[in-house]
Number of protein chains: 2
Amino acid sequence: MEIERKFIPPEVPSLAGFSSKKIEQAYISTSPTIRIRKSDDEYYLTVKGKGHMAREELNIPMKKEEYEKLLKKTEGRVIKKTRYIIPLEGSDGLNVELDIFEGDLKGLVLAEVEFPTKEAAESFVPPAWLGRDVTGDKRYHNSNMSKLD
Amino acid sequence: MEIERKFIPPEVPSLAGFSSKKIEQAYISTSPTIRIRKSDDEYYLTVKGKGHMAREELNIPMKKEEYEKLLKKTEGRVIKKTRYIIPLEGSDGLNVELDIFEGDLKGLVLAEVEFPTKEAAESFVPPAWLGRDVTGDKRYHNSNMSKLD
């Protein structure tokens, strides 16, 4: 089960010193969600159930060759972004995953926080820099952002 | 997590009175496993991790239209079978899923038993009618049987 909230930070914070990954991802299907992702030199297949804040998810590591074969079955654009992991001060282990998009989606910045429980997600008081909560807004699902206009 | 053992019964037992479903399934990918299945009038996407007896699995219901769209991305043959559910006497709730294949694979019969734990799977003493244990035999993975010769 993945339980998360999503935000649009109005400004990009200083990223010096935080770890990051180069991510490329594309969708074989957006309903249901069948996603392939390259994260630096690692490759994953991810399938998600339906829902916004909490949904079932299975993440399977795969080989580069498997990724490249499945890439041919994807639809829409390949999303490219750099993901920074920013520990949330005073949060007992929560991180912000800050995604800075490239290519077609350059200019967009999204922040996600993943929680261990629904209660933790619902009671979370976001720091001001995270900006507007777009957890329920389908436009900011990466699956929808993969669609060509 | 799906934990199961698979057998080849030498003879088909009497099936009168057992519930059954008509199943059609095909594979978008066999490594990793991305399967779509029609079971009577229900449709599912299933993704499985690697492994034989025990592997991670996520099963997502979907709509007929979603199934038909994904069917175009499958490879190999569509496997057709009738699945009978046969309660195992004296087993405390275990069932045999007996698959009788049709079409290209007509003549093949496979039996699967799903277990709640690895320990239950390992200590299971199969009744004689289940026949040869082929749990570790990749040829009898449906994903491999979907491949055209």
# chains A, B, ... in the order shown; residues from 1 in each chain; ligands from 1

call {"tool": "residues_around", "arguments": {"residues": "range 85-97 of chain B", "least_positions_apart": "2", "cutoff": "10 Å", "atoms": "only C-alpha atoms", "output": "PDB file with N, CA, C and O atoms, in the first residue's frame"}}
result
ATOM      1  N   ARG B   5       1.737 -24.841  -5.079  1.00  0.00           N
ATOM      2  CA  ARG B   5       2.383 -25.992  -5.708  1.00  0.00           C
ATOM      3  C   ARG B   5       1.523 -26.446  -6.877  1.00  0.00           C
ATOM      4  O   ARG B   5       0.307 -26.260  -6.888  1.00  0.00           O
ATOM      5  N   LYS B   6       2.204 -27.009  -7.864  1.00  0.00           N
ATOM      6  CA  LYS B   6       1.523 -27.347  -9.124  1.00  0.00           C
ATOM      7  C   LYS B   6       1.759 -28.815  -9.469  1.00  0.00           C
ATOM      8  O   LYS B   6       2.871 -29.324  -9.274  1.00  0.00           O
ATOM      9  N   PHE B   7       0.738 -29.465 -10.003  1.00  0.00           N
ATOM     10  CA  PHE B   7       0.787 -30.906 -10.292  1.00  0.00           C
ATOM     11  C   PHE B   7       0.162 -31.201 -11.665  1.00  0.00           C
ATOM     12  O   PHE B   7      -0.638 -30.412 -12.175  1.00  0.00           O
ATOM     13  N   PRO B  13     -10.402 -36.078 -12.640  1.00  0.00           N
ATOM     14  CA  PRO B  13     -11.405 -36.652 -11.737  1.00  0.00           C
ATOM     15  C   PRO B  13     -12.816 -36.259 -12.180  1.00  0.00           C
ATOM     16  O   PRO B  13     -12.976 -35.410 -13.061  1.00  0.00           O
ATOM     17  N   LEU B  15     -15.945 -34.177 -12.303  1.00  0.00           N
ATOM     18  CA  LEU B  15     -16.050 -32.742 -12.013  1.00  0.00           C
ATOM     19  C   LEU B  15     -17.470 -32.315 -11.693  1.00  0.00           C
ATOM     20  O   LEU B  15     -17.718 -31.126 -11.448  1.00  0.00           O
ATOM     21  N   GLY B  17     -20.629 -31.140 -10.061  1.00  0.00           N
ATOM     22  CA  GLY B  17     -20.949 -30.466  -8.802  1.00  0.00           C
ATOM     23  C   GLY B  17     -19.921 -29.443  -8.348  1.00  0.00           C
ATOM     24  O   GLY B  17     -20.175 -28.700  -7.397  1.00  0.00           O
ATOM     25  N   PHE B  18     -18.772 -29.359  -8.999  1.00  0.00           N
ATOM     26  CA  PHE B  18     -17.779 -28.357  -8.595  1.00  0.00           C
ATOM     27  C   PHE B  18     -17.980 -27.065  -9.376  1.00  0.00           C
ATOM     28  O   PHE B  18     -18.363 -27.078 -10.550  1.00  0.00           O
ATOM     29  N   SER B  19     -17.686 -25.935  -8.722  1.00  0.00           N
ATOM     30  CA  SER B  19     -17.857 -24.662  -9.421  1.00  0.00           C
ATOM     31  C   SER B  19     -16.722 -24.484 -10.424  1.00  0.00           C
ATOM     32  O   SER B  19     -15.615 -25.016 -10.249  1.00  0.00           O
ATOM     33  N   SER B  20     -17.031 -23.747 -11.479  1.00  0.00           N
ATOM     34  CA  SER B  20     -16.013 -23.548 -12.513  1.00  0.00           C
ATOM     35  C   SER B  20     -16.128 -22.159 -13.111  1.00  0.00           C
ATOM     36  O   SER B  20     -17.153 -21.495 -12.984  1.00  0.00           O
ATOM     37  N   LYS B  21     -15.027 -21.734 -13.726  1.00  0.00           N
ATOM     38  CA  LYS B  21     -14.985 -20.460 -14.452  1.00  0.00           C
ATOM     39  C   LYS B  21     -14.309 -20.676 -15.790  1.00  0.00           C
ATOM     40  O   LYS B  21     -13.370 -21.457 -15.894  1.00  0.00           O
ATOM     41  N   THR B  82     -10.789 -23.978 -18.658  1.00  0.00           N
ATOM     42  CA  THR B  82     -11.857 -23.960 -17.658  1.00  0.00           C
ATOM     43  C   THR B  82     -11.235 -24.371 -16.341  1.00  0.00           C
ATOM     44  O   THR B  82     -10.489 -25.363 -16.276  1.00  0.00           O
ATOM     45  N   ARG B  83     -11.499 -23.551 -15.308  1.00  0.00           N
ATOM     46  CA  ARG B  83     -10.919 -23.811 -13.993  1.00  0.00           C
ATOM     47  C   ARG B  83     -12.007 -24.316 -13.049  1.00  0.00           C
ATOM     48  O   ARG B  83     -13.008 -23.627 -12.818  1.00  0.00           O
ATOM     49  N   ASP B  99      -7.168 -26.904 -13.851  1.00  0.00           N
ATOM     50  CA  ASP B  99      -7.288 -26.193 -15.124  1.00  0.00           C
ATOM     51  C   ASP B  99      -7.310 -27.176 -16.285  1.00  0.00           C
ATOM     52  O   ASP B  99      -6.354 -27.932 -16.479  1.00  0.00           O
ATOM     53  N   ILE B 100      -8.381 -27.135 -17.036  1.00  0.00           N
ATOM     54  CA  ILE B 100      -8.500 -27.968 -18.227  1.00  0.00           C
ATOM     55  C   ILE B 100      -8.360 -27.051 -19.432  1.00  0.00           C
ATOM     56  O   ILE B 100      -9.190 -26.171 -19.663  1.00  0.00           O
ATOM     57  N   LEU B 110      -3.772 -29.188 -15.564  1.00  0.00           N
ATOM     58  CA  LEU B 110      -2.863 -28.823 -14.476  1.00  0.00           C
ATOM     59  C   LEU B 110      -3.662 -28.552 -13.212  1.00  0.00           C
ATOM     60  O   LEU B 110      -4.773 -28.027 -13.272  1.00  0.00           O
ATOM     61  N   ALA B 111      -3.076 -28.910 -12.083  1.00  0.00           N
ATOM     62  CA  ALA B 111      -3.722 -28.683 -10.795  1.00  0.00           C
ATOM     63  C   ALA B 111      -2.816 -27.809  -9.928  1.00  0.00           C
ATOM     64  O   ALA B 111      -1.608 -28.056  -9.857  1.00  0.00           O
ATOM     65  N   GLU B 112      -3.390 -26.786  -9.314  1.00  0.00           N
ATOM     66  CA  GLU B 112      -2.624 -25.937  -8.412  1.00  0.00           C
ATOM     67  C   GLU B 112      -3.267 -25.929  -7.038  1.00  0.00           C
ATOM     68  O   GLU B 112      -4.485 -25.927  -6.920  1.00  0.00           O
ATOM     69  N   VAL B 113      -2.418 -25.899  -6.027  1.00  0.00           N
ATOM     70  CA  VAL B 113      -2.919 -25.733  -4.658  1.00  0.00           C
ATOM     71  C   VAL B 113      -2.226 -24.509  -4.079  1.00  0.00           C
ATOM     72  O   VAL B 113      -0.998 -24.382  -4.145  1.00  0.00           O
ATOM     73  N   GLU B 114      -3.020 -23.575  -3.550  1.00  0.00           N
ATOM     74  CA  GLU B 114      -2.458 -22.358  -2.969  1.00  0.00           C
ATOM     75  C   GLU B 114      -2.468 -22.483  -1.446  1.00  0.00           C
ATOM     76  O   GLU B 114      -3.435 -22.981  -0.874  1.00  0.00           O
ATOM     77  N   PHE B 115      -1.372 -22.016  -0.823  1.00  0.00           N
ATOM     78  CA  PHE B 115      -1.195 -22.194   0.622  1.00  0.00           C
ATOM     79  C   PHE B 115      -1.081 -20.850   1.334  1.00  0.00           C
ATOM     80  O   PHE B 115      -0.599 -19.881   0.749  1.00  0.00           O
ATOM     81  N   PRO B 116      -1.463 -20.856   2.634  1.00  0.00           N
ATOM     82  CA  PRO B 116      -1.350 -19.605   3.391  1.00  0.00           C
ATOM     83  C   PRO B 116       0.091 -19.274   3.784  1.00  0.00           C
ATOM     84  O   PRO B 116       0.426 -18.116   3.965  1.00  0.00           O
ATOM     85  N   PHE B 124       2.889 -30.070   2.840  1.00  0.00           N
ATOM     86  CA  PHE B 124       1.698 -30.628   2.190  1.00  0.00           C
ATOM     87  C   PHE B 124       1.991 -32.007   1.595  1.00  0.00           C
ATOM     88  O   PHE B 124       2.967 -32.187   0.865  1.00  0.00           O
ATOM     89  N   VAL B 125       1.148 -32.976   1.947  1.00  0.00           N
ATOM     90  CA  VAL B 125       1.263 -34.316   1.352  1.00  0.00           C
ATOM     91  C   VAL B 125       0.123 -34.453   0.338  1.00  0.00           C
ATOM     92  O   VAL B 125      -1.046 -34.571   0.716  1.00  0.00           O
ATOM     93  N   PRO B 126       0.442 -34.393  -0.948  1.00  0.00           N
ATOM     94  CA  PRO B 126      -0.625 -34.376  -1.956  1.00  0.00           C
ATOM     95  C   PRO B 126      -1.333 -35.721  -2.070  1.00  0.00           C
ATOM     96  O   PRO B 126      -0.681 -36.767  -1.979  1.00  0.00           O
ATOM     97  N   PRO B 127      -2.652 -35.716  -2.279  1.00  0.00           N
ATOM     98  CA  PRO B 127      -3.350 -36.975  -2.571  1.00  0.00           C
ATOM     99  C   PRO B 127      -2.839 -37.540  -3.904  1.00  0.00           C
ATOM    100  O   PRO B 127      -2.413 -36.783  -4.784  1.00  0.00           O
ATOM    101  N   LEU B 130      -3.449 -36.186  -7.596  1.00  0.00           N
ATOM    102  CA  LEU B 130      -2.838 -34.960  -8.141  1.00  0.00           C
ATOM    103  C   LEU B 130      -1.671 -35.270  -9.081  1.00  0.00           C
ATOM    104  O   LEU B 130      -1.348 -34.481  -9.956  1.00  0.00           O
TER     105      LEU B 130
END

call {"tool": "interface_residues", "arguments": {"of": "chain B", "to": "chain A", "cutoff": "10 Å", "atoms": "only C-alpha atoms", "output": "JSON, numbers by chain"}}
result
{"B": [28, 29, 30, 31, 32, 33, 34, 44, 45, 46, 47, 48, 49, 50, 56, 57, 58, 59, 60, 61, 62, 63, 66, 67, 69, 70, 72, 73, 74]}

call {"tool": "atom_distance", "arguments": {"atom1": "CA of Val109 in chain A", "atom2": "CA of Lys81 in chain A"}}
result
9.2 Å

call {"tool": "atom_distance", "arguments": {"atom1": "CA of Gly103 in chain B", "atom2": "CA of Glu2 in chain B"}}
result
27.2 Å

call {"tool": "select_by_dssp", "arguments": {"residues": "chain A", "states": "strand (DSSP E)", "output": "PyMOL selection string"}}
result
chain A and resi 2-8+19-30+33-39+42-48+54-55+57-62+75-87+95-101+109-114+132-133

call {"tool": "select_by_dssp", "arguments": {"residues": "range 115-147 of chain A", "states": "alpha helix (DSSP H)", "output": "MDAnalysis selection string"}}
result
chainID A and resid 118:123 142:145

call {"tool": "atom_distance", "arguments": {"atom1": "CA of Tyr84 in chain A", "atom2": "CA of Ser39 in chain A"}}
result
12.0 Å

call {"tool": "closest_residue", "arguments": {"among": "A:Glu42, A:Glu11, A:Glu122, A:Asp104", "to": "Asp149 in chain A", "atoms": "only C-alpha atoms"}}
result
A:Asp104

call {"tool": "residues_around", "arguments": {"residues": "Asp137 in chain A", "least_positions_apart": "3", "cutoff": "12 Å", "atoms": "only C-alpha atoms", "output": "list in words"}}
result
Arg5, Lys6, Phe7, Ile8, Gly51, His52, Met53, Arg132, Asp133, Val134, Tyr140, His141, Asn142, Asn144 and Met145 of chain A
